[in-house]
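Pasting work.tsv here (TSV, C-alpha atoms):
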```tsv
chain	number	residue	atom	x	y	z
X	28	MET	CA	23.40	-14.53	-5.78
X	29	PRO	CA	24.72	-16.38	-2.74
X	30	ASP	CA	22.84	-19.51	-1.75
X	31	ASP	CA	21.51	-18.04	1.49
X	32	ALA	CA	20.17	-14.91	-0.23
X	33	HIS	CA	16.88	-16.30	-1.53
X	34	ILE	CA	13.81	-17.18	0.48
X	35	GLY	CA	14.10	-20.93	-0.22
X	36	ALA	CA	17.50	-21.24	1.43
X	37	ARG	CA	16.32	-19.39	4.53
X	38	LEU	CA	13.14	-21.45	4.61
X	39	ARG	CA	15.07	-24.73	4.39
X	40	THR	CA	17.48	-23.72	7.16
X	41	ILE	CA	14.72	-22.69	9.59
X	42	ARG	CA	12.56	-25.70	8.76
X	43	LYS	CA	15.40	-28.09	9.51
X	44	ARG	CA	16.18	-26.27	12.78
X	45	ARG	CA	12.56	-26.82	13.76
X	46	GLY	CA	12.83	-30.54	12.98
X	47	LEU	CA	10.08	-30.40	10.36
X	48	SER	CA	9.88	-32.19	7.04
X	49	GLN	CA	8.58	-30.33	4.01
X	50	ARG	CA	5.33	-32.27	4.35
X	51	ASP	CA	5.06	-31.29	8.03
X	52	LEU	CA	5.51	-27.63	7.14
X	53	ALA	CA	2.94	-27.86	4.37
X	54	ALA	CA	0.38	-29.26	6.80
X	55	ALA	CA	1.15	-26.65	9.48
X	56	SER	CA	1.18	-23.64	7.16
X	57	ASP	CA	-1.53	-24.58	4.64
X	58	VAL	CA	1.01	-23.86	1.90
X	59	SER	CA	1.23	-26.53	-0.79
X	60	LEU	CA	4.02	-29.09	-0.57
X	61	SER	CA	4.79	-28.41	-4.22
X	62	LEU	CA	5.38	-24.71	-3.61
X	63	ILE	CA	7.57	-25.37	-0.57
X	64	ARG	CA	9.71	-27.76	-2.61
X	65	LYS	CA	10.05	-25.29	-5.47
X	66	LEU	CA	11.05	-22.51	-3.08
X	67	GLU	CA	13.67	-24.60	-1.31
X	68	GLN	CA	15.10	-25.90	-4.58
X	69	GLY	CA	15.40	-22.37	-5.94
X	70	GLU	CA	12.98	-22.97	-8.81
X	71	ILE	CA	11.02	-19.98	-7.52
X	72	ALA	CA	13.09	-17.03	-6.29
X	73	ASP	CA	10.43	-15.30	-4.21
X	74	THR	CA	6.77	-15.48	-3.29
X	75	ARG	CA	3.82	-13.41	-2.17
X	76	MET	CA	3.92	-11.92	1.30
X	77	GLU	CA	0.70	-13.77	2.14
X	78	THR	CA	2.50	-17.08	1.56
X	79	ALA	CA	5.61	-15.98	3.45
X	80	HIS	CA	3.43	-14.91	6.37
X	81	HIS	CA	1.75	-18.35	6.54
X	82	LEU	CA	5.14	-20.06	6.51
X	83	ALA	CA	6.52	-17.71	9.17
X	84	VAL	CA	3.53	-18.28	11.46
X	85	ALA	CA	4.01	-22.04	11.20
X	86	LEU	CA	7.74	-21.71	11.92
X	87	ARG	CA	7.23	-19.14	14.72
X	88	VAL	CA	9.60	-16.60	13.17
X	89	PRO	CA	9.13	-13.01	11.93
X	90	THR	CA	8.01	-12.88	8.32
X	91	SER	CA	10.93	-10.58	7.57
X	92	SER	CA	13.35	-13.40	8.42
X	93	LEU	CA	12.06	-15.16	5.30
X	94	LEU	CA	11.15	-12.27	3.09
X	95	GLU	CA	13.11	-9.09	2.43
X	96	ARG	CA	11.54	-8.18	-0.85
X	97	ASP	CA	8.32	-7.05	-2.48
X	98	ASP	CA	5.13	-9.04	-1.99
X	99	GLU	CA	4.22	-8.02	-5.51
X	100	GLU	CA	5.83	-9.17	-8.72
X	101	PRO	CA	9.45	-8.00	-9.10
X	102	ALA	CA	9.56	-4.27	-9.71
X	103	ASP	CA	10.35	-3.31	-13.29
X	104	GLU	CA	12.59	-0.33	-12.66
X	105	THR	CA	13.07	0.15	-16.40
X	106	ALA	CA	9.37	0.33	-17.42
X	107	GLU	CA	9.26	2.86	-20.23
X	108	GLU	CA	5.97	4.48	-19.21
X	109	TRP	CA	7.51	5.62	-15.92
X	110	ARG	CA	10.86	6.76	-17.32
X	111	PRO	CA	10.01	10.51	-17.50
X	112	LEU	CA	8.78	10.57	-13.90
X	113	ARG	CA	11.78	8.58	-12.64
X	114	ALA	CA	14.12	10.96	-14.45
X	115	ALA	CA	12.37	14.03	-13.02
X	116	VAL	CA	12.91	12.64	-9.52
X	117	GLN	CA	16.39	11.19	-9.86
X	118	ILE	CA	18.24	13.40	-12.36
X	119	ALA	CA	18.99	17.10	-11.92
X	120	ALA	CA	18.29	18.89	-15.19
X	121	SER	CA	19.72	22.15	-16.48
X	122	ARG	CA	17.14	24.77	-17.42
X	123	THR	CA	16.87	27.36	-20.13
X	124	GLY	CA	14.18	29.90	-20.83
X	125	GLU	CA	11.86	31.70	-18.44
X	126	ALA	CA	12.32	30.86	-14.77
X	127	PRO	CA	9.29	29.30	-13.01
X	128	THR	CA	7.66	30.94	-10.00
X	129	VAL	CA	6.32	29.49	-6.76
X	130	ASP	CA	2.87	30.89	-7.49
X	131	GLY	CA	2.90	29.38	-10.97
X	132	VAL	CA	3.83	25.92	-9.69
X	133	ARG	CA	1.39	26.13	-6.78
X	134	ALA	CA	-1.43	27.08	-9.15
X	135	LEU	CA	-1.16	23.63	-10.76
X	136	LEU	CA	-1.36	21.73	-7.47
X	137	PRO	CA	-5.18	21.40	-7.51
X	138	GLU	CA	-5.01	19.78	-10.95
X	139	VAL	CA	-2.32	17.37	-9.74
X	140	ARG	CA	-4.30	16.46	-6.62
X	141	GLU	CA	-7.48	15.94	-8.63
X	142	ALA	CA	-5.70	13.51	-10.96
X	143	TYR	CA	-4.06	11.77	-7.98
X	144	PHE	CA	-7.27	11.33	-6.00
X	145	GLY	CA	-9.12	10.31	-9.16
X	146	ASN	CA	-6.48	7.60	-9.79
X	147	HIS	CA	-5.79	8.95	-13.29
X	148	LEU	CA	-2.18	7.78	-13.26
X	149	ALA	CA	-1.34	8.40	-16.92
X	150	GLU	CA	-2.60	11.99	-16.72
X	151	LEU	CA	-0.82	12.45	-13.40
X	152	THR	CA	2.53	11.34	-14.79
X	153	GLY	CA	2.22	13.84	-17.63
X	154	LEU	CA	1.56	16.61	-15.13
X	155	LEU	CA	4.17	15.68	-12.53
X	156	ALA	CA	7.27	15.17	-14.66
X	157	PRO	CA	7.55	18.77	-16.02
X	158	LEU	CA	6.16	20.28	-12.82
X	159	LEU	CA	8.87	18.63	-10.72
X	160	ARG	CA	11.49	20.14	-13.01
X	161	ASP	CA	9.95	23.56	-12.43
X	162	ALA	CA	9.78	22.94	-8.67
X	163	ASP	CA	13.47	22.03	-8.61
X	164	ALA	CA	14.30	25.43	-10.10
X	165	LEU	CA	12.44	27.40	-7.41
X	166	GLY	CA	15.33	27.57	-4.95
X	167	ASP	CA	15.25	27.02	-1.21
X	168	SER	CA	12.76	29.55	0.13
X	169	VAL	CA	10.21	28.25	2.63
X	170	GLU	CA	7.45	28.57	0.03
X	171	ALA	CA	9.49	26.73	-2.61
X	172	ARG	CA	10.34	23.86	-0.26
X	173	ASP	CA	6.69	23.59	0.78
X	174	VAL	CA	5.27	23.16	-2.72
X	175	ARG	CA	8.17	20.92	-3.80
X	176	SER	CA	7.71	18.66	-0.77
X	177	HIS	CA	4.02	18.20	-1.54
X	178	LEU	CA	4.70	17.32	-5.18
X	179	LEU	CA	7.43	14.87	-4.23
X	180	GLN	CA	5.20	13.13	-1.69
X	181	ILE	CA	2.50	12.61	-4.32
X	182	THR	CA	5.17	11.38	-6.72
X	183	GLY	CA	6.53	8.93	-4.15
X	184	SER	CA	3.06	7.51	-3.63
X	185	VAL	CA	2.46	7.12	-7.38
X	186	LEU	CA	5.82	5.45	-7.96
X	187	THR	CA	5.17	3.06	-5.06
X	188	GLN	CA	1.87	2.03	-6.64
X	189	ALA	CA	3.70	1.45	-9.92
X	190	ARG	CA	6.42	-0.62	-8.19
X	191	GLN	CA	9.15	1.85	-9.15
X	192	TYR	CA	10.68	1.49	-5.72
X	193	SER	CA	14.10	3.06	-6.12
X	194	ALA	CA	12.64	6.23	-7.60
X	195	ALA	CA	9.86	6.23	-4.99
X	196	GLU	CA	12.41	6.17	-2.18
X	197	THR	CA	14.34	9.04	-3.75
X	198	ALA	CA	11.14	11.08	-4.07
X	199	LEU	CA	10.14	10.48	-0.45
X	200	ARG	CA	13.63	11.18	0.87
X	201	ARG	CA	13.67	14.49	-0.97
X	202	ALA	CA	10.11	15.28	0.16
X	203	LEU	CA	11.10	14.73	3.78
X	204	ASP	CA	14.15	16.96	3.40
X	205	ASP	CA	11.92	19.78	2.12
X	206	ALA	CA	9.02	19.18	4.54
X	207	PRO	CA	7.96	22.51	6.08
X	208	ASP	CA	6.60	21.07	9.35
X	209	ARG	CA	6.10	17.89	11.37
X	210	LEU	CA	2.60	17.23	10.02
X	211	ARG	CA	3.83	17.06	6.42
X	212	ALA	CA	6.83	15.03	7.55
X	213	ALA	CA	4.55	12.56	9.35
X	214	GLY	CA	2.46	12.09	6.20
X	215	ILE	CA	5.60	11.44	4.16
X	216	ILE	CA	6.79	8.90	6.72
X	217	ALA	CA	3.43	7.09	6.56
X	218	THR	CA	3.87	6.79	2.79
X	219	TRP	CA	7.47	5.65	3.22
X	220	SER	CA	6.42	3.01	5.75
X	221	TRP	CA	3.94	1.69	3.19
X	222	LEU	CA	6.70	1.58	0.55
X	223	LEU	CA	8.85	-0.53	2.89
X	224	VAL	CA	5.97	-2.97	3.48
X	225	ARG	CA	5.52	-3.31	-0.28
X	226	GLN	CA	9.21	-4.20	-0.50
X	227	GLY	CA	8.94	-6.79	2.28
X	228	LYS	CA	11.15	-4.69	4.58
X	229	LEU	CA	8.83	-5.19	7.52
X	230	ALA	CA	11.26	-4.55	10.38
X	231	ALA	CA	12.39	-1.28	8.78
X	232	SER	CA	8.77	-0.23	8.22
X	233	ARG	CA	7.81	-1.02	11.81
X	234	GLU	CA	10.79	0.84	13.27
X	235	LEU	CA	10.27	3.91	11.08
X	236	ALA	CA	6.54	4.23	11.81
X	237	THR	CA	6.96	3.52	15.52
X	238	LYS	CA	9.75	6.09	15.96
X	239	TRP	CA	7.76	8.79	14.23
X	240	ALA	CA	4.54	7.91	16.05
X	241	ASP	CA	6.43	8.42	19.32
X	242	ASP	CA	7.91	11.68	18.07
X	243	VAL	CA	4.63	13.25	16.87
X	244	GLU	CA	2.37	12.01	19.67
X	245	PRO	CA	0.42	15.13	20.65
X	246	ARG	CA	-0.85	16.22	24.03
X	247	VAL	CA	-4.32	14.75	23.60
X	248	SER	CA	-6.18	17.42	25.57
X	249	ARG	CA	-4.88	20.11	23.18
X	250	ALA	CA	-4.50	18.14	19.96
X	251	MET	CA	-5.86	19.56	16.71
X	252	PRO	CA	-7.64	17.16	14.32
X	253	GLU	CA	-4.71	17.13	11.88
X	254	GLU	CA	-2.31	16.21	14.68
X	255	LEU	CA	-4.52	13.28	15.67
X	256	ALA	CA	-4.75	12.19	12.04
X	257	ALA	CA	-0.96	12.24	11.58
X	258	TRP	CA	-0.42	10.27	14.79
X	259	GLY	CA	-3.20	7.79	14.02
X	260	TRP	CA	-1.91	6.98	10.54
X	261	LEU	CA	1.58	6.29	11.85
X	262	LEU	CA	0.12	3.97	14.49
X	263	MET	CA	-1.82	2.09	11.81
X	264	GLN	CA	1.28	1.76	9.65
X	265	ALA	CA	3.26	0.39	12.60
X	266	SER	CA	0.43	-2.06	13.32
X	267	ALA	CA	0.31	-3.24	9.70
X	268	ALA	CA	4.06	-3.92	9.62
X	269	ASN	CA	3.93	-5.70	12.99
X	270	LEU	CA	1.04	-7.91	11.91
X	271	ARG	CA	2.71	-8.99	8.68
X	272	ASP	CA	5.93	-9.62	10.58
X	273	ASN	CA	4.16	-12.10	12.88
X	274	ARG	CA	4.28	-9.77	15.90
X	275	ARG	CA	0.61	-10.07	16.79
X	276	GLY	CA	0.82	-8.60	20.30
X	277	GLU	CA	2.53	-5.39	19.18
X	278	ALA	CA	0.17	-5.15	16.20
X	279	ASP	CA	-2.87	-5.42	18.48
X	280	ASP	CA	-1.50	-2.80	20.88
X	281	THR	CA	-0.78	-0.21	18.20
X	282	MET	CA	-4.08	-0.83	16.42
X	283	ARG	CA	-5.99	-0.48	19.68
X	284	LEU	CA	-4.32	2.89	20.23
X	285	ALA	CA	-5.11	3.96	16.64
X	286	LYS	CA	-8.77	3.10	17.23
X	287	SER	CA	-8.73	5.21	20.39
X	288	VAL	CA	-7.34	8.15	18.40
X	289	ALA	CA	-10.16	7.76	15.87
X	290	VAL	CA	-12.72	7.73	18.70
X	291	MET	CA	-11.19	10.92	20.12
X	292	LEU	CA	-11.69	12.57	16.75
X	293	GLY	CA	-15.24	11.25	16.44
X	294	ARG	CA	-15.61	11.90	12.71
X	295	GLU	CA	-14.06	11.08	9.36
X	296	LEU	CA	-11.67	13.70	8.00
X	297	PRO	CA	-11.54	14.07	4.21
X	298	ARG	CA	-8.23	14.31	2.43
X	299	GLY	CA	-6.89	17.71	3.41
X	300	THR	CA	-4.75	20.26	1.67
X	301	GLU	CA	-1.68	18.56	3.17
X	302	ARG	CA	-2.81	15.01	3.93
X	303	LEU	CA	-3.17	12.53	1.05
X	304	THR	CA	-5.50	10.16	2.91
X	305	THR	CA	-8.76	10.14	4.80
X	306	TRP	CA	-8.66	9.57	8.55
X	307	GLY	CA	-11.22	8.64	11.17
X	308	PRO	CA	-13.40	5.74	12.37
X	309	THR	CA	-14.30	4.60	8.83
X	310	THR	CA	-10.67	4.42	7.68
X	311	VAL	CA	-9.79	2.50	10.85
X	312	ARG	CA	-12.59	0.02	10.11
X	313	TYR	CA	-11.14	-0.53	6.66
X	314	LYS	CA	-7.75	-1.32	8.20
X	315	ALA	CA	-9.37	-3.64	10.75
X	316	CYS	CA	-10.82	-5.65	7.86
X	317	GLU	CA	-7.38	-5.81	6.26
X	318	ARG	CA	-6.06	-7.29	9.51
X	319	HIS	CA	-8.74	-10.00	9.41
X	320	ILE	CA	-7.54	-11.00	5.94
X	321	VAL	CA	-3.92	-11.27	7.10
X	322	VAL	CA	-4.86	-13.55	10.02
X	323	ASP	CA	-7.34	-15.69	8.00
X	324	GLU	CA	-10.62	-14.42	9.43
X	325	PRO	CA	-12.66	-13.71	6.26
X	326	ASP	CA	-15.98	-14.21	8.04
X	327	LYS	CA	-15.22	-11.20	10.25
X	328	VAL	CA	-14.56	-9.07	7.18
X	329	LEU	CA	-17.92	-9.94	5.66
X	330	ARG	CA	-19.74	-9.37	8.94
X	331	ALA	CA	-18.14	-5.93	9.21
X	332	VAL	CA	-19.21	-4.85	5.71
X	333	LYS	CA	-22.14	-2.46	5.86
X	334	PRO	CA	-25.24	-3.82	4.12
X	335	LYS	CA	-25.63	-0.75	1.91
X	336	GLN	CA	-22.39	-0.45	-0.02
X	337	PRO	CA	-22.20	1.96	-2.96
X	338	GLY	CA	-22.76	0.30	-6.30
X	339	PRO	CA	-20.53	0.34	-9.40
X	340	ALA	CA	-18.91	3.64	-10.27
X	341	ALA	CA	-20.04	5.17	-6.97
X	342	THR	CA	-18.58	8.53	-6.06
X	343	ARG	CA	-19.35	8.44	-2.33
X	344	GLY	CA	-18.28	5.91	0.28
X	345	PRO	CA	-20.16	4.77	3.39
X	346	SER	CA	-18.98	7.82	5.34
X	347	GLY	CA	-20.51	10.17	2.75
X	348	LEU	CA	-17.08	11.44	1.70
X	349	ALA	CA	-15.63	11.14	-1.79
X	350	VAL	CA	-14.52	7.57	-2.52
X	351	SER	CA	-10.85	7.19	-1.61
X	352	THR	CA	-8.04	4.81	-2.42
X	353	GLU	CA	-8.48	3.45	1.11
X	354	TYR	CA	-12.05	2.51	0.19
X	355	HIS	CA	-11.00	0.81	-3.06
X	356	ARG	CA	-8.35	-1.17	-1.19
X	357	HIS	CA	-10.98	-2.15	1.38
X	358	ARG	CA	-13.22	-3.46	-1.41
X	359	LEU	CA	-10.36	-5.69	-2.56
X	360	ASP	CA	-10.19	-7.07	0.98
X	361	VAL	CA	-13.93	-7.77	0.78
X	362	ALA	CA	-13.42	-9.56	-2.55
X	363	LYS	CA	-10.58	-11.58	-1.02
X	364	ALA	CA	-12.81	-12.53	1.93
X	365	HIS	CA	-15.45	-13.81	-0.50
X	366	THR	CA	-12.88	-15.99	-2.29
X	367	MET	CA	-11.63	-17.35	1.04
X	368	MET	CA	-15.24	-18.29	1.82
X	369	ARG	CA	-15.61	-19.78	-1.70
X	370	GLN	CA	-18.17	-17.16	-2.66
X	371	TYR	CA	-16.69	-16.56	-6.08
X	372	GLY	CA	-19.64	-14.83	-7.71
X	373	GLN	CA	-19.73	-12.22	-4.96
X	374	ALA	CA	-15.98	-11.68	-5.32
X	375	VAL	CA	-16.40	-10.98	-9.04
X	376	ASP	CA	-19.23	-8.55	-8.32
X	377	VAL	CA	-17.01	-6.59	-5.92
X	378	LEU	CA	-14.08	-6.50	-8.35
X	379	THR	CA	-16.40	-5.37	-11.15
X	380	GLY	CA	-17.54	-2.45	-8.99
X	381	VAL	CA	-13.97	-1.40	-8.28
X	382	ASN	CA	-13.08	-1.66	-11.97
X	383	GLU	CA	-15.95	0.62	-12.91
X	384	SER	CA	-14.99	3.15	-10.23
X	385	ALA	CA	-11.19	3.13	-10.54
X	386	PRO	CA	-9.97	1.24	-13.63
X	387	GLU	CA	-6.51	2.80	-13.78
X	388	TRP	CA	-5.89	2.13	-10.09
X	389	LEU	CA	-7.09	-1.47	-10.35
X	390	ALA	CA	-4.81	-2.14	-13.31
X	391	HIS	CA	-1.78	-1.65	-11.03
X	392	GLN	CA	-3.00	-3.89	-8.20
X	393	ARG	CA	-1.30	-7.27	-8.06
X	394	TYR	CA	-3.63	-8.07	-5.17
X	395	ALA	CA	-6.60	-7.87	-7.56
X	396	ARG	CA	-4.85	-10.20	-10.02
X	397	ASP	CA	-4.23	-12.71	-7.26
X	398	ILE	CA	-7.86	-12.60	-6.14
X	399	LEU	CA	-9.20	-13.04	-9.66
X	400	GLY	CA	-6.62	-15.77	-10.31
X	401	ASP	CA	-8.04	-17.73	-7.37
X	402	VAL	CA	-11.53	-17.41	-8.86
X	403	VAL	CA	-10.45	-18.44	-12.37
X	404	LYS	CA	-8.68	-21.57	-11.10
X	405	ARG	CA	-11.98	-22.87	-9.78
X	406	ARG	CA	-14.03	-22.21	-12.90
X	407	ARG	CA	-14.28	-24.42	-15.99
X	408	THR	CA	-15.56	-21.51	-18.07
X	409	LEU	CA	-15.36	-17.77	-17.55
X	410	THR	CA	-18.31	-15.40	-17.58
X	411	PRO	CA	-18.10	-12.21	-19.67
X	412	GLU	CA	-17.55	-10.26	-16.42
X	413	MET	CA	-14.58	-12.47	-15.52
X	414	ARG	CA	-13.04	-12.07	-18.97
X	415	THR	CA	-13.41	-8.29	-18.75
X	416	LEU	CA	-11.77	-8.28	-15.32
X	417	ALA	CA	-8.95	-10.55	-16.49
X	418	ASP	CA	-8.09	-8.02	-19.18
X	419	ALA	CA	-8.46	-5.10	-16.77
X	420	VAL	CA	-6.03	-6.47	-14.17
X	421	GLY	CA	-3.62	-8.09	-16.64
X	422	LEU	CA	-4.24	-11.67	-15.55
X	423	PRO	CA	-1.87	-13.91	-17.57
X	424	LEU	CA	-3.57	-16.24	-20.05
```

Representation of the structure as structure tokens:
Amino acid sequence: MPDDAHIGARLRTIRKRRGLSQRDLAAASDVSLSLIRKLEQGEIADTRMETAHHLAVALRVPTSSLLERDDEEPADETAEEWRPLRAAVQIAASRTGEAPTVDGVRALLPEVREAYFGNHLAELTGLLAPLLRDADALGDSVEARDVRSHLLQITGSVLTQARQYSAAETALRRALDDAPDRLRAAGIIATWSWLLVRQGKLAASRELATKWADDVEPRVSRAMPEELAAWGWLLMQASAANLRDNRRGEADDTMRLAKSVAVMLGRELPRGTERLTTWGPTTVRYKACERHIVVDEPDKVLRAVKPKQPGPAATRGPSGLAVSTEYHRHRLDVAKAHTMMRQYGQAVDVLTGVNESAPEWLAHQRYARDILGDVVKRRRTLTPEMRTLADAVGLPL
């Protein structure tokens, strides 16, 4: 790898151009001097996006100028458990035996969606791998492309969660190619924008979401709810990429517009037959809390949390709709806010609730491991709840 390819070399170059010592940068960014030294010396090849963002803010540069890779741990593109799903996406297979039908493949979609929304990833992988093979054999009729596009979008989302990024991109590219209309295409682009953020490709994520938001912007006076939802999600994805890339003004503008779209709708839409996410004022509030975490305003997150949150293993969120992945992610932001405020017991309580509601989903969240790691560092002994969580999220011993 060339010397200027890793984050430490870029960090050192920009720091020197700013006339800062390593100690100066540590003080300005609230990143430890030890970590800055290790990054610049190449002892650590990459770091969390949260850390890169703090450094970029202190240096007054876009985060993407430091970080062009995942904010999670390096993706294991050879993980055995995901091999069948990767192969189903990336390798064309010859078929023998009875030919599948569109109706037969479509009949299994409700089971796939139930496993996806229930965060049963192991079950979902077992369903998707053979079903994608069948979908590939359906040909290029409008009906075949429709069902195949939907399956590939779900697959792209699952592979992104599992950090199988190359296969995820292939799935989403294929899903977009088969998309039957602009609404499905917009949903696929929202997922793709999220994939790019997970990879640290913030500029690419911002540009993709912004372009598509401009393209699908409806005439508001005539807009159907699903059109508003597609537009709103793209605006939120553009805002998220802008914020992480230290473009606060653009992030504020796009988020303000997304909030306006939610107000126009006036209610929370459940996950639809096409859309994989909720949309409405509640979802926008979740994303507003995420923004407060990124810009170090944990007190605002905790003030925004409704007093009556569902308890462990709840099946309904504050909006009365079925608990969604957006809600679980929001609860991680609440746990993070508690740790930032040194309220470690409350953070553990929140994580315990998420683990009881969505254990398979939580097991794949590096964010949860980071939050629990912060708690464990500050404890001499661990409670039984902390030990259970450490096992659940795979916290290294």

task: Write out as an MDAnalysis selection string each polymer residue whose atoms come within 7 Å of stretch 387-394 of chain X, counting only C-alpha atoms; drop sequence neighbours fewer than 5 positions from it.
output: chainID X and resid 99 146:148 188:189 382 419:421

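Between X:Glu170 and the residues X:Ala149, X:Val328, X:Ala194, X:Pro207, the shortest atom-to-atom distance, using all atoms listed in the file, involves X:Pro207.
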
Residues near X:Asp376, cut-off 12 Å, all atoms listed in the file, skip fewer than 6 positions along chain, as number ranges by chain: X: 338-339, 358-359, 361-363, 365-366, 370, 382-383, 399, 402, 410-413, 415-416

May I have the selected residues written with C-alpha atoms, as a compact mmCIF listing (two decimals), keeping the file's coordinate frame?
```
# COMPACT_ATOMS: atom_id res chain seq x y z
CA GLY X 338 -22.76 0.30 -6.30
CA PRO X 339 -20.53 0.34 -9.40
CA ARG X 358 -13.22 -3.46 -1.41
CA LEU X 359 -10.36 -5.69 -2.56
CA VAL X 361 -13.93 -7.77 0.78
CA ALA X 362 -13.42 -9.56 -2.55
CA LYS X 363 -10.58 -11.58 -1.02
CA HIS X 365 -15.45 -13.81 -0.50
CA THR X 366 -12.88 -15.99 -2.29
CA GLN X 370 -18.17 -17.16 -2.66
CA ASN X 382 -13.08 -1.66 -11.97
CA GLU X 383 -15.95 0.62 -12.91
CA LEU X 399 -9.20 -13.04 -9.66
CA VAL X 402 -11.53 -17.41 -8.86
CA THR X 410 -18.31 -15.40 -17.58
CA PRO X 411 -18.10 -12.21 -19.67
CA GLU X 412 -17.55 -10.26 -16.42
CA MET X 413 -14.58 -12.47 -15.52
CA THR X 415 -13.41 -8.29 -18.75
CA LEU X 416 -11.77 -8.28 -15.32
```

query: To one decimal place, how far is atom CA of X:Leu270 from atom CA of X:Ala55 in Å?
result: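 According to the coordinates, atom CA of X:Leu270 and atom CA of X:Ala55 are separated by 18.9 Å.
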
- request: Measure the distance from atom CA of X:Gly145 to atom CA of X:Tyr371 in Å and round it to one decimal.
  value: 28.1 Å

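Residues in contact with X:Asp163 at 12 Å, where only C-alpha atoms are counted and same-chain residues fewer than 6 positions away are skipped, are listed as X:Ala115, X:Val116, X:Gln117, X:Ile118, X:Ala119, X:Ala120, X:Ser121, X:Arg122, X:Ala126, X:Pro127, X:Thr128, X:Val129, X:Val132, X:Leu155, X:Ala156, X:Pro157, X:Ala171, X:Arg172, X:Asp173, X:Val174, X:Arg175, X:Ser176, X:Leu178, X:Leu179, X:Arg201, X:Ala202, X:Asp205.
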
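Atom CA of X:Pro89 lies 15.0 Å from atom CA of X:Arg44.
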
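Residues lying within 8 Å of stretch 277-285 of chain X, counting all atoms listed in the file and ignoring same-chain neighbours fewer than 6 positions away, are Gly259, Trp260, Leu262, Met263, Ala265, Ser266, Ala267, Ala268, Asn269, Leu270 and Val311 of chain X.
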